[in-house]
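Undergrad: The following block contains the structure, expressed as structure tokens.
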Amino acid sequence: MILETKNLSIGYSAKNKSKILQSSLNLKLKSGNLVSLVGPNGVGKSTLLKTLCKLIRPIEGEICIKGESLESAESNALAMVLTQGIYAHGFTVFDVVSLGRYPYTNWIGKMTAHDVQIIENAMASVHIGHLAHQSAMQLSDGEKQRMMIAKALAQETPLIILDEPTSHLDLVNKIEIIHLLHQLSRQHSKAILMVTHELDLAIQNSDEMWIMSQEGIQMGCPEDLILDGRLQRLFQSNQIVFNQDQLHFQRNHLLSKPIWMKSNSDGLAEKLSFQLLQKLGYYLEAGYKDCQLELLSNQTWQITKNNSVFQFENLAGVQDFLRNN
């Protein structure tokens, strides 16, 4: 067990009064696990992270790292990767990653060959070893995030905490960074806790999810949270539903127009056609004669409406027709 909280209450002080956001939190995080903390805005996710990192004091309760109180824990007990911009003018990637070794160096910050090896290993683990001597400010956003994760690895802490590590990244980098964190938790036996709004990626990669709401935190592996409905209940609304076939949240389209869809094409074209119909407000009604969509074997689309037949070479044509007729 790396992290454990006992009857923890978190919040902040305002006008000499304490505002409690969460109370009686009893959390546990094991080594080798990637845990995603998810939940709506304003319930206290960032406050919890700041409390765990000693940036703000807990209102009540205890936080332990490897059985030792966080108050007396050494500076190498945990590493944190924040989301704010990186300002490292004049620093190379190696320089930034080497900052993770400062808890271990002497009073003038002199590094040994052992320190250098750890830094190089950390950069290699996140696949930026070839960028060691490049300016940190010339990196892409995805490379900068890898650099900061390498800095946390170089600190050699049992626990790494990340606050929205994929914010401002494109889709490819979002997927790669969260998959990388999952790998690092295994390869380095790290306990990794991240706040994220990327629910689909969290479901696919997390060993455990902590679902925070106004009522507290519920914990479990993502698959169990889906099976018993806890994940769906937190986020589902009139506008958002959980697709159990594809295991992700999606917009709840208001379907008011009937159509009969027939398919002689491959599965992907059929799924995309169905998705388009839902987006346009159509629901499927077998045998409906006034409006029919057929996928032909040569991947063309044929619409029969009011006894008139129209053919289209792509779904853009289908979309334009159905929107305007």
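Each chain of the structure tokens is named A, B, ... in the order shown, its residues numbered from 1; ligands are numbered from 1 in display order.
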I want to know what sits within 12 Å of A:Leu70, based on only C-alpha atoms, with residues of the same chain fewer than 2 positions away left out; could you give that as a ChimeraX atom specification?
TA: /A:2-6,51-55,57-58,61-68,72-78
Undergrad: Find the spatial neighbours of A:Met261, counting only C-alpha atoms, within a cut-off of 9 Å - ignore same-chain residues fewer than 6 positions away - and output them as a JSON list (two decimals) with N, CA and C atoms, in the first residue's frame.
TA:
```
[["chain", "number", "residue", "atom", "x", "y", "z"],
["A", 273, "SER", "N", -23.73, 4.72, -41.00],
["A", 273, "SER", "CA", -25.03, 5.16, -41.52],
["A", 273, "SER", "C", -26.03, 5.30, -40.38],
["A", 274, "PHE", "N", -26.02, 4.33, -39.48],
["A", 274, "PHE", "CA", -26.92, 4.38, -38.33],
["A", 274, "PHE", "C", -26.60, 5.59, -37.44],
["A", 284, "LEU", "N", -35.12, 3.84, -36.22],
["A", 284, "LEU", "CA", -35.40, 2.77, -37.17],
["A", 284, "LEU", "C", -36.76, 2.16, -36.92],
["A", 285, "GLU", "N", -37.51, 1.99, -38.00],
["A", 285, "GLU", "CA", -38.82, 1.34, -37.92],
["A", 285, "GLU", "C", -38.92, 0.37, -39.09],
["A", 286, "ALA", "N", -38.86, -0.92, -38.78],
["A", 286, "ALA", "CA", -38.88, -1.94, -39.82],
["A", 286, "ALA", "C", -40.18, -1.87, -40.63],
["A", 287, "GLY", "N", -40.02, -1.93, -41.95],
["A", 287, "GLY", "CA", -41.17, -1.94, -42.84],
["A", 287, "GLY", "C", -41.76, -0.58, -43.14],
["A", 291, "CYS", "N", -40.13, 6.39, -45.99],
["A", 291, "CYS", "CA", -38.73, 6.82, -46.04],
["A", 291, "CYS", "C", -37.85, 5.61, -45.75],
["A", 292, "GLN", "N", -37.04, 5.22, -46.76],
["A", 292, "GLN", "CA", -36.18, 4.05, -46.62],
["A", 292, "GLN", "C", -34.77, 4.39, -47.07],
["A", 293, "LEU", "N", -33.79, 3.85, -46.32],
["A", 293, "LEU", "CA", -32.39, 4.00, -46.69],
["A", 293, "LEU", "C", -31.81, 2.61, -46.89],
["A", 294, "GLU", "N", -31.19, 2.40, -48.07],
["A", 294, "GLU", "CA", -30.59, 1.09, -48.35],
["A", 294, "GLU", "C", -29.12, 1.26, -48.70],
["A", 295, "LEU", "N", -28.26, 0.45, -48.06],
["A", 295, "LEU", "CA", -26.84, 0.41, -48.39],
["A", 295, "LEU", "C", -26.64, -0.66, -49.44]]
```
Undergrad: Would you compute the distance between atom CA of A:Asn205 and atom CA of A:Ile178? Give it in Å to one decimal.
TA: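 Distance between the two atoms: 7.1 Å.
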Undergrad: Leaving out A:Gln187 and any residue of its chain fewer than 5 positions from it, which residues lie within 10 Å of it when counting only C-alpha atoms, given as a list in words?
TA: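 Once the nearby chain positions are removed, what remains is Gly32, Ser125, Leu181 and His182 of chain A.
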Undergrad: Using only N, CA and C atoms, please write the residues we just selected to a file, as a short mmCIF file (atom, residue, chain, number, x, y, z; two decimals), in the first residue's frame.
TA:
```cif
data_model
loop_
_atom_site.label_atom_id
_atom_site.label_comp_id
_atom_site.auth_asym_id
_atom_site.auth_seq_id
_atom_site.Cartn_x
_atom_site.Cartn_y
_atom_site.Cartn_z
N GLY A 32 1.98 -0.16 -8.59
CA GLY A 32 1.68 -0.83 -9.84
C GLY A 32 0.31 -0.55 -10.40
N SER A 125 12.44 5.97 -20.74
CA SER A 125 11.17 5.34 -20.39
C SER A 125 9.98 6.03 -21.04
N LEU A 181 1.28 6.18 -19.12
CA LEU A 181 1.16 6.14 -17.66
C LEU A 181 0.78 4.75 -17.18
N HIS A 182 -0.08 4.09 -17.92
CA HIS A 182 -0.45 2.71 -17.57
C HIS A 182 0.77 1.79 -17.62
#
```
Undergrad: Of the candidates A:Glu208, A:Asp170, A:Asp320, A:Glu120, which shows the shortest atom-to-atom distance to A:Ser140, using only C-alpha atoms?
TA: A:Asp170
Undergrad: So how many Å separate atom CA of A:His197 and atom CA of A:Trp210, to one decimal?
TA: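 Taking atom CA of A:His197 as the start and atom CA of A:Trp210 as the end point, the length is 12.2 Å.
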Undergrad: Please tabulate, as a tab-separated table, the residues of stretch 209-286 of chain A that come within 12 Å of stretch 191-196 of chain A, each with its closest pair of atoms and the distance in Å to one decimal, counting only C-alpha atoms and ordering rows by chain, then residue number upward.
TA:
```
residue	atom	partner	partner_atom	distance
A:Met209	CA	A:Leu193	CA	9.4
A:Trp210	CA	A:Val195	CA	9.3
A:Ile211	CA	A:Val195	CA	10.3
A:Met212	CA	A:Val195	CA	10.5
```
Undergrad: So that I can see what lies close to stretch 227-242 of chain A, please list as a PyMOL selection string the residues with an atom at most 7 Å from it, counting only C-alpha atoms and leaving out residues fewer than 6 positions away in the same chain.
TA: chain A and resi 248-252
Undergrad: Just write the chosen residues, C-alpha atoms, as an mmCIF file, in the first residue's frame.
TA:
```cif
data_model
loop_
_atom_site.group_PDB
_atom_site.id
_atom_site.type_symbol
_atom_site.label_atom_id
_atom_site.label_comp_id
_atom_site.auth_asym_id
_atom_site.auth_seq_id
_atom_site.Cartn_x
_atom_site.Cartn_y
_atom_site.Cartn_z
ATOM 1 C CA HIS A 248 -18.498 5.046 -23.909
ATOM 2 C CA PHE A 249 -20.686 8.058 -23.160
ATOM 3 C CA GLN A 250 -22.420 9.759 -26.053
ATOM 4 C CA ARG A 251 -24.993 12.395 -26.819
ATOM 5 C CA ASN A 252 -28.592 11.320 -26.348
#
```
Undergrad: I'd like to know which residues of stretch 133-316 of chain A are strand (DSSP E or B) (by DSSP, run on the backbone); could you write them as JSON, numbers by chain?
TA: {"A": [135, 159, 160, 161, 162, 163, 191, 192, 193, 194, 195, 208, 209, 210, 211, 212, 213, 216, 217, 218, 219, 220, 240, 241, 242, 243, 248, 249, 250, 251, 257, 258, 259, 260, 261, 262, 263, 282, 283, 284, 291, 292, 293, 294, 295, 301, 302, 303, 304, 305, 308, 309, 310, 311, 312]}
Undergrad: If you run DSSP on the backbone, which residues of stretch 128-246 of chain A are helix (DSSP H, G or I), as a VMD selection string?
TA: chain A and resid 129 to 131 136 to 138 141 to 154 171 to 187 199 to 205 222 to 227 230 to 235
Undergrad: What does the file look like for those residues with C-alpha atoms, as a short mmCIF file (atom, residue, chain, number, x, y, z; two decimals), in the first residue's frame?
TA:
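So the final result, stored in part25.cif, reads:
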```
data_model
loop_
_atom_site.label_atom_id
_atom_site.label_comp_id
_atom_site.auth_asym_id
_atom_site.auth_seq_id
_atom_site.Cartn_x
_atom_site.Cartn_y
_atom_site.Cartn_z
CA GLY A 129 16.06 10.26 -24.90
CA HIS A 130 16.88 11.58 -28.37
CA LEU A 131 15.70 15.05 -27.27
CA ALA A 136 12.74 22.49 -23.57
CA MET A 137 10.80 25.42 -25.02
CA GLN A 138 11.01 23.99 -28.56
CA ASP A 141 2.94 19.92 -26.11
CA GLY A 142 3.03 16.13 -26.09
CA GLU A 143 6.83 16.08 -25.76
CA LYS A 144 6.68 18.62 -22.93
CA GLN A 145 4.26 16.42 -21.03
CA ARG A 146 6.57 13.43 -21.51
CA MET A 147 9.45 15.55 -20.23
CA MET A 148 7.56 16.42 -17.04
CA ILE A 149 6.64 12.78 -16.51
CA ALA A 150 10.32 11.89 -16.94
CA LYS A 151 11.18 14.50 -14.28
CA ALA A 152 8.72 12.80 -11.92
CA LEU A 153 10.28 9.40 -12.69
CA ALA A 154 13.76 10.78 -12.02
CA LEU A 171 -6.25 13.09 -29.64
CA VAL A 172 -3.15 11.06 -30.57
CA ASN A 173 -1.13 12.50 -27.69
CA LYS A 174 -4.01 12.03 -25.24
CA ILE A 175 -4.12 8.32 -26.08
CA GLU A 176 -0.34 7.93 -26.01
CA ILE A 177 0.17 9.75 -22.69
CA ILE A 178 -2.49 7.80 -20.77
CA HIS A 179 -1.29 4.51 -22.25
CA LEU A 180 2.26 5.51 -21.26
CA LEU A 181 1.16 6.14 -17.66
CA HIS A 182 -0.45 2.71 -17.57
CA GLN A 183 2.80 1.13 -18.77
CA LEU A 184 4.96 3.10 -16.32
CA SER A 185 2.84 2.05 -13.36
CA ARG A 186 3.64 -1.56 -14.24
CA GLN A 187 7.25 -1.25 -15.34
CA LEU A 199 -13.65 9.19 -19.40
CA ASP A 200 -13.29 6.84 -22.37
CA LEU A 201 -9.50 6.66 -22.02
CA ALA A 202 -9.75 6.29 -18.25
CA ILE A 203 -12.13 3.35 -18.66
CA GLN A 204 -9.77 1.68 -21.15
CA ASN A 205 -6.51 2.15 -19.22
CA PRO A 222 -13.88 0.52 -14.30
CA GLU A 223 -15.57 -2.67 -15.47
CA ASP A 224 -17.26 -3.21 -12.09
CA LEU A 225 -18.35 0.42 -11.91
CA ILE A 226 -20.03 0.02 -15.31
CA LEU A 227 -21.62 -3.33 -14.43
CA ARG A 230 -22.30 3.64 -10.61
CA LEU A 231 -20.33 5.26 -13.43
CA GLN A 232 -23.42 5.78 -15.57
CA ARG A 233 -25.41 7.29 -12.70
CA LEU A 234 -22.79 9.98 -12.11
CA PHE A 235 -22.64 11.32 -15.67
#
```
Undergrad: Do you have the atom CA of A:Asn307-atom CA of A:Lys262 distance handy?
TA: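 Taking atom CA of A:Asn307 and atom CA of A:Lys262, their separation equals 16.3 Å.
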Undergrad: Can you work out which one of A:Gln22, A:Gln155, A:Ile128, A:Asn325 has the shortest atom-to-atom distance to A:Tyr102, counting only C-alpha atoms?
TA: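 Looking at the shortest contact to A:Tyr102, the residue is A:Gln155.
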Undergrad: Report as a PyMOL selection string all protein, DNA and RNA residues lying within 10 Å of stretch 298-306 of chain A, evaluated on only C-alpha atoms, omitting residues in the same chain fewer than 4 positions from it.
TA: chain A and resi 259-266+269-270+273+289-294+310-315+317-318+321-322+325
Undergrad: If you keep C-alpha atoms, can you produce a file of those selected residues as a CSV table (one decimal), in the first residue's frame?
TA:
```csv
chain,number,residue,atom,x,y,z
A,259,ILE,CA,-36.9,5.4,-41.3
A,260,TRP,CA,-36.4,1.9,-42.5
A,261,MET,CA,-32.7,1.0,-43.1
A,262,LYS,CA,-31.6,-2.0,-45.1
A,263,SER,CA,-28.0,-3.0,-45.6
A,264,ASN,CA,-26.1,-5.0,-48.2
A,265,SER,CA,-22.7,-3.5,-47.2
A,266,ASP,CA,-20.0,-4.0,-44.7
A,269,ALA,CA,-20.6,1.5,-43.4
A,270,GLU,CA,-23.7,0.2,-41.7
A,273,SER,CA,-25.0,5.2,-41.5
A,289,LYS,CA,-42.5,2.7,-46.5
A,290,ASP,CA,-42.5,6.5,-46.7
A,291,CYS,CA,-38.7,6.8,-46.0
A,292,GLN,CA,-36.2,4.0,-46.6
A,293,LEU,CA,-32.4,4.0,-46.7
A,294,GLU,CA,-30.6,1.1,-48.4
A,310,PHE,CA,-32.3,8.9,-55.0
A,311,GLN,CA,-28.7,7.5,-55.0
A,312,PHE,CA,-25.6,9.0,-53.3
A,313,GLU,CA,-21.9,8.1,-53.4
A,314,ASN,CA,-21.2,9.1,-49.9
A,315,LEU,CA,-22.8,9.8,-46.5
A,317,GLY,CA,-25.0,13.4,-49.8
A,318,VAL,CA,-27.3,11.3,-47.6
A,321,PHE,CA,-30.8,15.1,-48.6
A,322,LEU,CA,-32.3,14.1,-45.3
A,325,ASN,CA,-36.3,16.9,-47.5
```
